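> My structure is in upload.cif, and what it holds is mmCIF, C-alpha atoms:
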```cif
data_structure
loop_
_atom_site.group_PDB
_atom_site.id
_atom_site.type_symbol
_atom_site.label_atom_id
_atom_site.label_comp_id
_atom_site.auth_asym_id
_atom_site.auth_seq_id
_atom_site.Cartn_x
_atom_site.Cartn_y
_atom_site.Cartn_z
ATOM 1 C CA MET A 1 -71.901 -0.842 8.389
ATOM 2 C CA HIS A 2 -68.460 0.062 7.019
ATOM 3 C CA HIS A 3 -66.988 -1.884 4.143
ATOM 4 C CA SER A 4 -63.224 -2.615 4.168
ATOM 5 C CA LYS A 5 -61.196 -1.423 1.211
ATOM 6 C CA THR A 6 -59.697 -3.941 -1.170
ATOM 7 C CA ILE A 7 -55.886 -4.192 -1.343
ATOM 8 C CA ASP A 8 -55.666 -2.575 -4.788
ATOM 9 C CA GLN A 9 -57.751 0.356 -3.582
ATOM 10 C CA VAL A 10 -55.223 1.010 -0.805
ATOM 11 C CA GLN A 11 -52.310 0.825 -3.205
ATOM 12 C CA ARG A 12 -54.052 2.540 -6.076
ATOM 13 C CA PRO A 13 -56.404 5.280 -4.813
ATOM 14 C CA CYS A 14 -57.001 6.374 -8.405
ATOM 15 C CA CYS A 15 -58.548 3.328 -9.938
ATOM 16 C CA ILE A 16 -60.201 2.711 -13.298
ATOM 17 C CA MET A 17 -63.594 4.040 -12.164
ATOM 18 C CA GLY A 18 -62.809 7.444 -13.682
ATOM 19 C CA LEU A 19 -62.079 6.030 -17.117
ATOM 20 C CA SER A 20 -64.533 6.186 -19.936
ATOM 21 C CA ASN A 21 -66.331 3.039 -20.889
ATOM 22 C CA TRP A 22 -64.422 2.957 -24.157
ATOM 23 C CA MET A 23 -61.049 2.938 -22.377
ATOM 24 C CA ILE A 24 -62.191 0.143 -20.048
ATOM 25 C CA ILE A 25 -63.366 -1.888 -22.988
ATOM 26 C CA GLY A 26 -60.070 -1.268 -24.796
ATOM 27 C CA VAL A 27 -58.012 -2.457 -21.824
ATOM 28 C CA MET A 28 -60.229 -5.494 -21.374
ATOM 29 C CA ILE A 29 -59.900 -6.413 -25.028
ATOM 30 C CA GLY A 30 -56.148 -5.969 -24.934
ATOM 31 C CA SER A 31 -55.777 -8.200 -21.906
ATOM 32 C CA PHE A 32 -58.286 -10.878 -22.869
ATOM 33 C CA VAL A 33 -56.900 -13.598 -25.118
ATOM 34 C CA GLY A 34 -58.827 -16.728 -25.974
ATOM 35 C CA ASN A 35 -61.335 -16.033 -23.179
ATOM 36 C CA VAL A 36 -58.463 -16.046 -20.656
ATOM 37 C CA PHE A 37 -57.266 -12.931 -18.851
ATOM 38 C CA THR A 38 -53.462 -13.283 -18.823
ATOM 39 C CA GLY A 39 -52.248 -10.185 -16.946
ATOM 40 C CA SER A 40 -49.560 -9.454 -19.539
ATOM 41 C CA CYS A 41 -48.233 -5.977 -20.364
ATOM 42 C CA LYS A 42 -46.947 -7.243 -23.694
ATOM 43 C CA GLU A 43 -50.316 -8.693 -24.739
ATOM 44 C CA ALA A 44 -52.127 -5.591 -23.507
ATOM 45 C CA ALA A 45 -49.614 -3.378 -25.341
ATOM 46 C CA LEU A 46 -49.243 -1.250 -22.202
ATOM 47 C CA CYS A 47 -46.145 0.475 -20.909
ATOM 48 C CA CYS A 48 -46.473 3.760 -19.025
ATOM 49 C CA SER A 49 -44.006 6.062 -17.299
ATOM 50 C CA GLY A 50 -44.454 7.421 -13.795
ATOM 51 C CA ARG A 51 -47.611 6.522 -11.889
ATOM 52 C CA ASP A 52 -50.603 5.929 -14.116
ATOM 53 C CA SER A 53 -53.523 3.948 -12.684
ATOM 54 C CA ALA A 54 -55.058 3.777 -16.171
ATOM 55 C CA CYS A 55 -52.143 1.558 -17.189
ATOM 56 C CA VAL A 56 -53.859 -1.518 -15.782
ATOM 57 C CA VAL A 57 -54.507 -5.045 -16.968
ATOM 58 C CA GLN A 58 -57.626 -6.754 -15.629
ATOM 59 C CA LYS A 59 -57.217 -10.477 -15.019
ATOM 60 C CA THR A 60 -60.940 -11.074 -14.600
ATOM 61 C CA SER A 61 -64.078 -9.326 -15.679
ATOM 62 C CA PRO A 62 -64.368 -5.919 -13.967
ATOM 63 C CA ASN A 63 -67.725 -7.030 -12.519
ATOM 64 C CA ALA A 64 -66.362 -10.314 -11.183
ATOM 65 C CA ILE A 65 -65.748 -10.831 -7.481
ATOM 66 C CA ILE A 66 -62.023 -11.131 -6.677
ATOM 67 C CA GLN A 67 -61.598 -14.582 -5.235
ATOM 68 C CA THR A 68 -57.795 -14.628 -4.683
ATOM 69 C CA LEU A 69 -54.908 -12.219 -4.895
ATOM 70 C CA SER A 70 -54.017 -13.680 -8.274
ATOM 71 C CA ASP A 71 -57.301 -12.242 -9.601
ATOM 72 C CA LYS A 72 -56.289 -8.689 -8.757
ATOM 73 C CA PRO A 73 -55.475 -6.283 -11.595
ATOM 74 C CA CYS A 74 -51.804 -5.766 -12.375
ATOM 75 C CA TYR A 75 -50.160 -2.608 -13.662
ATOM 76 C CA CYS A 76 -47.738 -1.638 -16.377
ATOM 77 C CA ASP A 77 -46.599 1.772 -15.112
ATOM 78 C CA HIS A 78 -43.208 2.352 -13.509
ATOM 79 C CA ALA A 79 -44.832 3.019 -10.136
ATOM 80 C CA CYS A 80 -45.638 -0.676 -9.911
ATOM 81 C CA LEU A 81 -41.954 -1.333 -9.162
ATOM 82 C CA LYS A 82 -42.354 0.440 -5.825
ATOM 83 C CA LEU A 83 -45.927 -0.611 -5.160
ATOM 84 C CA GLY A 84 -45.220 -4.250 -5.970
ATOM 85 C CA ASP A 85 -48.222 -4.744 -8.273
ATOM 86 C CA CYS A 86 -46.521 -5.109 -11.665
ATOM 87 C CA CYS A 87 -47.700 -7.586 -14.220
ATOM 88 C CA HIS A 88 -45.388 -10.589 -14.454
ATOM 89 C CA ASP A 89 -43.750 -9.456 -17.707
ATOM 90 C CA PHE A 90 -43.575 -5.724 -16.993
ATOM 91 C CA LYS A 91 -39.769 -5.498 -16.914
ATOM 92 C CA ASP A 92 -39.290 -7.463 -20.126
ATOM 93 C CA ALA A 93 -42.120 -5.735 -21.964
ATOM 94 C CA CYS A 94 -41.053 -2.222 -20.948
ATOM 95 C CA GLY A 95 -37.290 -2.630 -21.187
ATOM 96 C CA VAL A 96 -36.685 -2.281 -17.454
ATOM 97 C CA LEU A 97 -33.182 -3.502 -16.583
ATOM 98 C CA ASP A 98 -31.918 -3.963 -13.054
ATOM 99 C CA CYS A 99 -28.332 -3.183 -12.195
ATOM 100 C CA ILE A 100 -26.052 -6.216 -12.317
ATOM 101 C CA VAL A 101 -22.802 -6.358 -10.349
ATOM 102 C CA SER A 102 -19.942 -8.818 -10.277
ATOM 103 C CA GLY A 103 -19.001 -10.994 -7.339
ATOM 104 C CA TRP A 104 -16.888 -9.599 -4.523
ATOM 105 C CA GLY A 105 -13.151 -9.397 -5.081
ATOM 106 C CA PRO A 106 -10.620 -10.515 -2.453
ATOM 107 C CA TRP A 107 -10.152 -8.599 0.784
ATOM 108 C CA SER A 108 -7.303 -6.116 0.744
ATOM 109 C CA SER A 109 -4.395 -6.378 3.143
ATOM 110 C CA CYS A 110 -4.938 -4.992 6.618
ATOM 111 C CA ASP A 111 -4.004 -1.294 6.658
ATOM 112 C CA SER A 112 -2.338 -1.750 10.052
ATOM 113 C CA GLU A 113 0.827 -3.805 10.344
ATOM 114 C CA CYS A 114 0.350 -4.125 14.080
ATOM 115 C CA GLY A 115 -2.909 -3.821 16.008
ATOM 116 C CA PRO A 116 -6.469 -2.897 14.956
ATOM 117 C CA GLY A 117 -7.049 -1.772 11.401
ATOM 118 C CA SER A 118 -9.446 -2.226 8.497
ATOM 119 C CA GLN A 119 -9.542 -3.886 5.119
ATOM 120 C CA SER A 120 -11.892 -3.597 2.165
ATOM 121 C CA ARG A 121 -13.120 -5.401 -0.918
ATOM 122 C CA THR A 122 -14.896 -4.168 -4.039
ATOM 123 C CA ARG A 123 -17.084 -5.377 -6.875
ATOM 124 C CA MET A 124 -17.744 -3.960 -10.334
ATOM 125 C CA VAL A 125 -20.859 -2.819 -12.196
ATOM 126 C CA VAL A 126 -21.546 -5.254 -15.021
ATOM 127 C CA ARG A 127 -24.670 -3.447 -16.232
ATOM 128 C CA ASN A 128 -26.210 -0.178 -15.088
ATOM 129 C CA ALA A 129 -29.917 0.097 -14.306
ATOM 130 C CA GLU A 130 -32.165 1.347 -17.097
ATOM 131 C CA ASN A 131 -35.763 2.552 -17.311
ATOM 132 C CA GLY A 132 -36.359 2.562 -13.565
ATOM 133 C CA GLY A 133 -34.702 -0.767 -12.765
ATOM 134 C CA LYS A 134 -33.125 -1.515 -9.383
ATOM 135 C CA HIS A 135 -30.181 0.696 -8.552
ATOM 136 C CA CYS A 136 -26.752 -0.811 -8.002
ATOM 137 C CA PRO A 137 -26.019 -2.033 -4.461
ATOM 138 C CA GLN A 138 -22.920 -0.911 -2.583
ATOM 139 C CA LEU A 139 -19.712 -1.580 -4.448
ATOM 140 C CA MET A 140 -17.344 -1.553 -1.458
ATOM 141 C CA GLN A 141 -17.348 -3.291 1.909
ATOM 142 C CA HIS A 142 -15.162 -2.701 4.951
ATOM 143 C CA ARG A 143 -14.384 -4.864 7.951
ATOM 144 C CA GLY A 144 -12.060 -4.740 10.914
ATOM 145 C CA CYS A 145 -8.781 -6.630 11.012
ATOM 146 C CA GLN A 146 -5.778 -7.117 13.251
ATOM 147 C CA GLY A 147 -2.263 -6.454 12.030
ATOM 148 C CA THR A 148 0.083 -9.264 13.050
ATOM 149 C CA LYS A 149 3.460 -7.903 11.952
ATOM 150 C CA CYS A 150 4.219 -6.574 15.395
ATOM 151 C CA HIS A 151 7.700 -7.955 15.777
ATOM 152 C CA THR A 152 9.489 -6.176 12.976
ATOM 153 C CA ARG A 153 12.097 -3.848 14.387
ATOM 154 C CA ASN A 154 14.371 -1.358 12.740
ATOM 155 C CA PRO A 155 17.963 -2.632 13.120
ATOM 156 C CA LYS A 156 18.936 0.778 14.481
ATOM 157 C CA SER A 157 16.645 0.255 17.460
ATOM 158 C CA ALA A 158 18.985 -2.529 18.581
ATOM 159 C CA LEU A 159 21.619 0.136 19.246
ATOM 160 C CA LYS A 160 19.555 1.360 22.206
ATOM 161 C CA GLU A 161 19.384 -2.075 23.826
ATOM 162 C CA VAL A 162 21.564 -3.143 26.722
ATOM 163 C CA ALA A 163 22.757 -6.748 26.786
ATOM 164 C CA LEU A 164 22.251 -8.308 30.223
ATOM 165 C CA LEU A 165 24.800 -11.081 30.753
ATOM 166 C CA LEU A 166 25.640 -14.003 33.003
ATOM 167 C CA PRO A 167 28.652 -16.351 32.949
ATOM 168 C CA ALA A 168 28.036 -19.311 30.643
ATOM 169 C CA GLU A 169 28.377 -21.841 33.483
ATOM 170 C CA LEU A 170 25.116 -20.506 34.927
ATOM 171 C CA SER A 171 23.168 -21.635 31.846
ATOM 172 C CA GLU A 172 22.427 -24.943 33.571
ATOM 173 C CA VAL A 173 20.352 -23.075 36.159
ATOM 174 C CA ARG A 174 17.700 -22.567 33.485
ATOM 175 C CA HIS A 175 17.004 -26.322 33.547
ATOM 176 C CA ILE A 176 17.060 -26.739 37.329
ATOM 177 C CA ASN A 177 13.315 -27.460 37.375
ATOM 178 C CA ASP A 178 13.474 -30.113 34.664
ATOM 179 C CA THR A 179 12.485 -33.536 36.040
ATOM 180 C CA ASN A 180 11.499 -36.958 34.812
ATOM 181 C CA ASP A 181 7.875 -36.335 35.750
ATOM 182 C CA ILE A 182 5.963 -36.101 32.453
ATOM 183 C CA ARG A 183 3.262 -33.959 34.067
ATOM 184 C CA THR A 184 5.882 -31.437 35.131
ATOM 185 C CA ASN A 185 7.668 -31.405 31.795
ATOM 186 C CA LEU A 186 4.629 -31.551 29.549
ATOM 187 C CA ARG A 187 4.910 -27.862 28.793
ATOM 188 C CA LEU A 188 8.555 -28.396 27.847
ATOM 189 C CA GLN A 189 8.084 -31.456 25.652
ATOM 190 C CA TYR A 190 5.317 -30.138 23.415
ATOM 191 C CA ARG A 191 6.279 -26.554 22.792
ATOM 192 C CA GLU A 192 5.588 -25.426 19.248
ATOM 193 C CA SER A 193 6.610 -21.798 19.661
ATOM 194 C CA PRO A 194 9.745 -20.665 17.773
ATOM 195 C CA GLU A 195 10.965 -19.444 21.146
ATOM 196 C CA TYR A 196 11.709 -23.040 22.105
ATOM 197 C CA ASP A 197 13.207 -24.179 18.817
ATOM 198 C CA SER A 198 16.857 -24.926 19.537
ATOM 199 C CA SER A 199 17.733 -24.349 15.880
ATOM 200 C CA ASN A 200 17.148 -20.645 16.552
ATOM 201 C CA GLU A 201 20.001 -20.466 19.041
ATOM 202 C CA TYR A 202 23.126 -18.602 18.004
ATOM 203 C CA CYS A 203 26.328 -17.046 19.287
ATOM 204 C CA VAL A 204 27.650 -13.531 18.807
ATOM 205 C CA THR A 205 31.250 -12.381 19.192
ATOM 206 C CA PHE A 206 32.162 -8.907 20.411
ATOM 207 C CA THR A 207 35.282 -6.827 20.948
ATOM 208 C CA VAL A 208 35.123 -4.950 24.254
ATOM 209 C CA THR A 209 35.685 -1.220 23.696
ATOM 210 C CA LYS A 210 34.989 -0.018 27.234
ATOM 211 C CA ALA A 211 34.659 -1.626 30.684
ATOM 212 C CA SER A 212 34.021 -0.100 34.114
ATOM 213 C CA LYS A 213 36.575 -0.419 36.945
ATOM 214 C CA ALA A 214 34.420 -2.986 38.759
ATOM 215 C CA CYS A 215 35.108 -5.450 35.940
ATOM 216 C CA TYR A 216 38.844 -5.411 36.677
ATOM 217 C CA ASN A 217 38.271 -6.095 40.379
ATOM 218 C CA ASP A 218 36.580 -9.443 39.651
ATOM 219 C CA ALA A 219 38.962 -12.179 38.523
ATOM 220 C CA ASN A 220 36.101 -14.041 36.876
ATOM 221 C CA LEU A 221 35.543 -11.110 34.525
ATOM 222 C CA SER A 222 39.051 -10.831 33.171
ATOM 223 C CA GLU A 223 37.650 -11.394 29.643
ATOM 224 C CA PHE A 224 36.108 -7.937 29.787
ATOM 225 C CA ALA A 225 39.346 -6.025 29.565
ATOM 226 C CA GLU A 226 39.244 -3.350 26.900
ATOM 227 C CA GLY A 227 40.307 -4.799 23.553
ATOM 228 C CA SER A 228 39.508 -8.389 24.498
ATOM 229 C CA ARG A 229 37.101 -10.545 22.491
ATOM 230 C CA VAL A 230 34.222 -12.505 23.995
ATOM 231 C CA CYS A 231 31.623 -14.989 22.791
ATOM 232 C CA VAL A 232 28.024 -14.724 24.052
ATOM 233 C CA LYS A 233 25.373 -17.381 23.407
ATOM 234 C CA CYS A 234 21.688 -16.667 22.770
ATOM 235 C CA GLN A 235 19.767 -19.651 24.141
ATOM 236 C CA THR A 236 16.150 -20.491 23.444
ATOM 237 C CA GLN A 237 15.019 -19.232 26.859
ATOM 238 C CA ALA A 238 16.375 -15.755 26.092
ATOM 239 C CA LEU A 239 14.812 -15.366 22.627
ATOM 240 C CA ARG A 240 12.312 -12.499 22.491
ATOM 241 C CA ARG A 241 9.137 -12.690 20.417
ATOM 242 C CA VAL A 242 8.890 -8.900 20.202
ATOM 243 C CA LEU A 243 12.411 -8.774 18.739
ATOM 244 C CA ASP A 244 11.703 -11.266 15.941
ATOM 245 C CA TRP A 245 13.115 -14.142 17.979
ATOM 246 C CA ARG A 246 16.508 -12.775 18.884
ATOM 247 C CA CYS A 247 18.178 -11.953 22.181
ATOM 248 C CA GLU A 248 17.943 -8.437 23.517
ATOM 249 C CA GLY A 249 21.208 -6.555 23.281
ATOM 250 C CA ASP A 250 22.830 -8.730 20.593
ATOM 251 C CA GLY A 251 23.833 -5.626 18.650
ATOM 252 C CA GLY A 252 21.488 -6.087 15.681
ATOM 253 C CA ILE A 253 24.102 -5.978 12.907
ATOM 254 C CA GLU A 254 27.885 -6.202 12.646
ATOM 255 C CA ALA A 255 30.227 -3.260 13.218
ATOM 256 C CA MET A 256 27.858 -1.585 15.682
ATOM 257 C CA ILE A 257 28.806 -0.462 19.164
ATOM 258 C CA THR A 258 26.230 -1.236 21.864
ATOM 259 C CA ARG A 259 26.168 -1.512 25.662
ATOM 260 C CA TRP A 260 26.367 -4.477 27.998
ATOM 261 C CA SER A 261 25.964 -5.072 31.741
ATOM 262 C CA MET A 262 26.961 -8.038 33.912
ATOM 263 C CA LEU A 263 24.112 -9.157 36.185
ATOM 264 C CA SER A 264 26.374 -11.177 38.444
ATOM 265 C CA SER A 265 28.445 -8.046 39.079
ATOM 266 C CA PRO A 266 26.082 -5.041 38.972
ATOM 267 C CA HIS A 267 28.813 -2.399 38.702
ATOM 268 C CA CYS A 268 30.513 -4.144 35.772
ATOM 269 C CA HIS A 269 29.293 -2.656 32.517
ATOM 270 C CA GLY A 270 30.594 -1.072 29.338
ATOM 271 C CA LYS A 271 30.448 -1.047 25.566
ATOM 272 C CA TRP A 272 31.436 -3.458 22.837
ATOM 273 C CA LEU A 273 31.638 -3.838 19.062
ATOM 274 C CA ARG A 274 29.759 -6.674 17.425
ATOM 275 C CA THR A 275 32.014 -8.656 15.091
ATOM 276 C CA GLU A 276 30.310 -11.891 14.069
ATOM 277 C CA LYS A 277 27.110 -13.919 14.456
ATOM 278 C CA THR A 278 27.098 -17.718 14.149
ATOM 279 C CA GLY A 279 24.528 -20.497 13.939
ATOM 280 C CA PRO A 280 23.270 -22.753 16.771
ATOM 281 C CA GLU A 281 26.570 -24.664 16.891
ATOM 282 C CA CYS A 282 28.539 -21.480 17.659
ATOM 283 C CA GLU A 283 31.013 -22.344 14.915
ATOM 284 C CA THR A 284 33.574 -19.586 15.454
ATOM 285 C CA PHE A 285 36.781 -20.702 17.197
ATOM 286 C CA LEU A 286 36.305 -17.973 19.796
ATOM 287 C CA CYS A 287 33.224 -19.832 21.098
ATOM 288 C CA LYS A 288 35.023 -23.172 21.448
ATOM 289 C CA PRO A 289 34.769 -25.233 23.529
ATOM 290 C CA GLU A 290 31.894 -23.081 24.820
ATOM 291 C CA ALA A 291 30.688 -19.514 24.938
ATOM 292 C CA HIS A 292 32.002 -17.230 27.682
ATOM 293 C CA PHE A 293 28.648 -15.687 28.593
ATOM 294 C CA ILE A 294 24.922 -16.006 27.910
ATOM 295 C CA PHE A 295 22.224 -13.439 27.237
ATOM 296 C CA VAL A 296 19.520 -13.149 29.885
#
```
What's the structure tokens form of this structure?


Amino acid sequence: MHHSKTIDQVQRPCCIMGLSNWMIIGVMIGSFVGNVFTGSCKEAALCCSGRDSACVVQKTSPNAIIQTLSDKPCYCDHACLKLGDCCHDFKDACGVLDCIVSGWGPWSSCDSECGPGSQSRTRMVVRNAENGGKHCPQLMQHRGCQGTKCHTRNPKSALKEVALLLPAELSEVRHINDTNDIRTNLRLQYRESPEYDSSNEYCVTFTVTKASKACYNDANLSEFAEGSRVCVKCQTQALRRVLDWRCEGDGGIEAMITRWSMLSSPHCHGKWLRTEKTGPECETFLCKPEAHFIFV
């Protein structure tokens, strides 16, 4: 009949059986205090480097039957840190210090202004490990993030835009579907997007520098003669999120020449010079009593 091995025999194949009787007696004396086996490295005056199965503290008489796991011998060699059979005071008695690190710092900014990116955070070593103590854990963490600054545009990019225009009297068409039915207008009444904030509306004045011949053939477009000045309103419905809430083709900054095209007269197009931008009330006299055209 086969006998099963005890747990300490599996963990410690080299046990105290090879020691001389004098060494066993010495260990037993060192670990026995007041007729109580304490399992203390300090009381046994044991502290060994590497793996040394002779560096053992018996908690009961060597001839006693082990009743519970707490009766098992414990060890005072550095191998016990990996084997998990150290005496309770091994680290203190043998000067073993685990690494200590600080708490995590704040996450860094996302490294992508627009779209997928990553960010990181770090922590510091407060105390390095000594005498076989636990090594320091990772000091840096990474995680994915999403850049949200996707609407910033270089003012020069506005020079490539073409302003699509309609006569100002057609601005009422944008509200043709407005009714008194609250279910129909619910999406209009509770909009929180800056796109629907009327305080973001503005007007821009331009001096026409070039106009196609088709513009002169339409009496309603007499304002687009070369050298004339016009006022164009940017309404909430024409604001563009991707352009930082401005109308496409508004010229970007003053004293810049950009292109325009009249949607109501497809062959009427040209260039103009931006001269002034106003607030939502279109304060400039050129826009009174109302703007000439609207951005689409």

> Could you give me, as a PDB file with C-alpha atoms, in the frame of the given file, the residues within 10 Å of Phe90 (chain A), counting only C-alpha atoms and dropping anything in the same chain fewer than 3 positions from it?


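Below is the file that was written, out24.pdb:
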```pdb
ATOM      1  CA  GLY A  39     -52.248 -10.185 -16.946  1.00  0.00           C
ATOM      2  CA  SER A  40     -49.560  -9.454 -19.539  1.00  0.00           C
ATOM      3  CA  CYS A  41     -48.233  -5.977 -20.364  1.00  0.00           C
ATOM      4  CA  LYS A  42     -46.947  -7.243 -23.694  1.00  0.00           C
ATOM      5  CA  LEU A  46     -49.243  -1.250 -22.202  1.00  0.00           C
ATOM      6  CA  CYS A  47     -46.145   0.475 -20.909  1.00  0.00           C
ATOM      7  CA  CYS A  74     -51.804  -5.766 -12.375  1.00  0.00           C
ATOM      8  CA  TYR A  75     -50.160  -2.608 -13.662  1.00  0.00           C
ATOM      9  CA  CYS A  76     -47.738  -1.638 -16.377  1.00  0.00           C
ATOM     10  CA  ASP A  77     -46.599   1.772 -15.112  1.00  0.00           C
ATOM     11  CA  HIS A  78     -43.208   2.352 -13.509  1.00  0.00           C
ATOM     12  CA  CYS A  80     -45.638  -0.676  -9.911  1.00  0.00           C
ATOM     13  CA  LEU A  81     -41.954  -1.333  -9.162  1.00  0.00           C
ATOM     14  CA  ASP A  85     -48.222  -4.744  -8.273  1.00  0.00           C
ATOM     15  CA  CYS A  86     -46.521  -5.109 -11.665  1.00  0.00           C
ATOM     16  CA  CYS A  87     -47.700  -7.586 -14.220  1.00  0.00           C
ATOM     17  CA  ALA A  93     -42.120  -5.735 -21.964  1.00  0.00           C
ATOM     18  CA  CYS A  94     -41.053  -2.222 -20.948  1.00  0.00           C
ATOM     19  CA  GLY A  95     -37.290  -2.630 -21.187  1.00  0.00           C
ATOM     20  CA  VAL A  96     -36.685  -2.281 -17.454  1.00  0.00           C
TER      21      VAL A  96
END
```

> Would you work out the distance separating CA of His267 (chain A) from CA of Ile294 (chain A), expressed in Å to one decimal?

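Atom-to-atom, CA of His267 (chain A) to CA of Ile294 (chain A), that is 17.8 Å.
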
> So which residues get picked by the PyMOL selection byres ((chain A and resi 266) around 12) here, written as a ChimeraX atom specification?

/A:164-166,212-215,218,260-265,267-270

> Report, in Å with one decimal, the straight-line distance from CA of Glu254 (chain A) to CA of Glu276 (chain A).

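Interatomic distance here is 6.3 Å.
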
> Box for region 204-213 of chain A - axis-aligned, 3 Å on each of the six sides, all listed atoms - centre and size in Å to one decimal, as lines of an AutoDock Vina configuration file.


```
center_x = 32.1
center_y = -6.8
center_z = 27.9
size_x = 14.9
size_y = 19.5
size_z = 24.1
```

> To one decimal place, how far is CA of Glu113 (chain A) from CA of Val162 (chain A) in Å?

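If I compute the distance from CA of Glu113 (chain A) to CA of Val162 (chain A), I get 26.4 Å.
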
> Which is closer to Arg127 (chain A) than all the others in A:Leu97, A:Gly84, A:Ala79, A:Lys149, using only C-alpha atoms?

A:Leu97

> With only C-alpha atoms as the atoms that count, which of A:Gly147, A:Pro137, A:Gly279, A:Gly251 lies nearest to Ser198 (chain A)?

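Once distances to Ser198 (chain A) are computed over only C-alpha atoms, the minimum belongs to A:Gly279.
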
> List the residues matched by the PyMOL selection byres ((chain A and resi 231) around 7) in the displayed structure as a count of residues only, ordered by chain and then by residue number.

12

> Looking at A:Leu239, A:Leu221, A:Leu273, A:Ile257, which one is nearest to Tyr202 (chain A), with distances taken over all atoms listed in the file?

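Residue with the minimum atom-to-atom distance to Tyr202 (chain A): A:Leu239.
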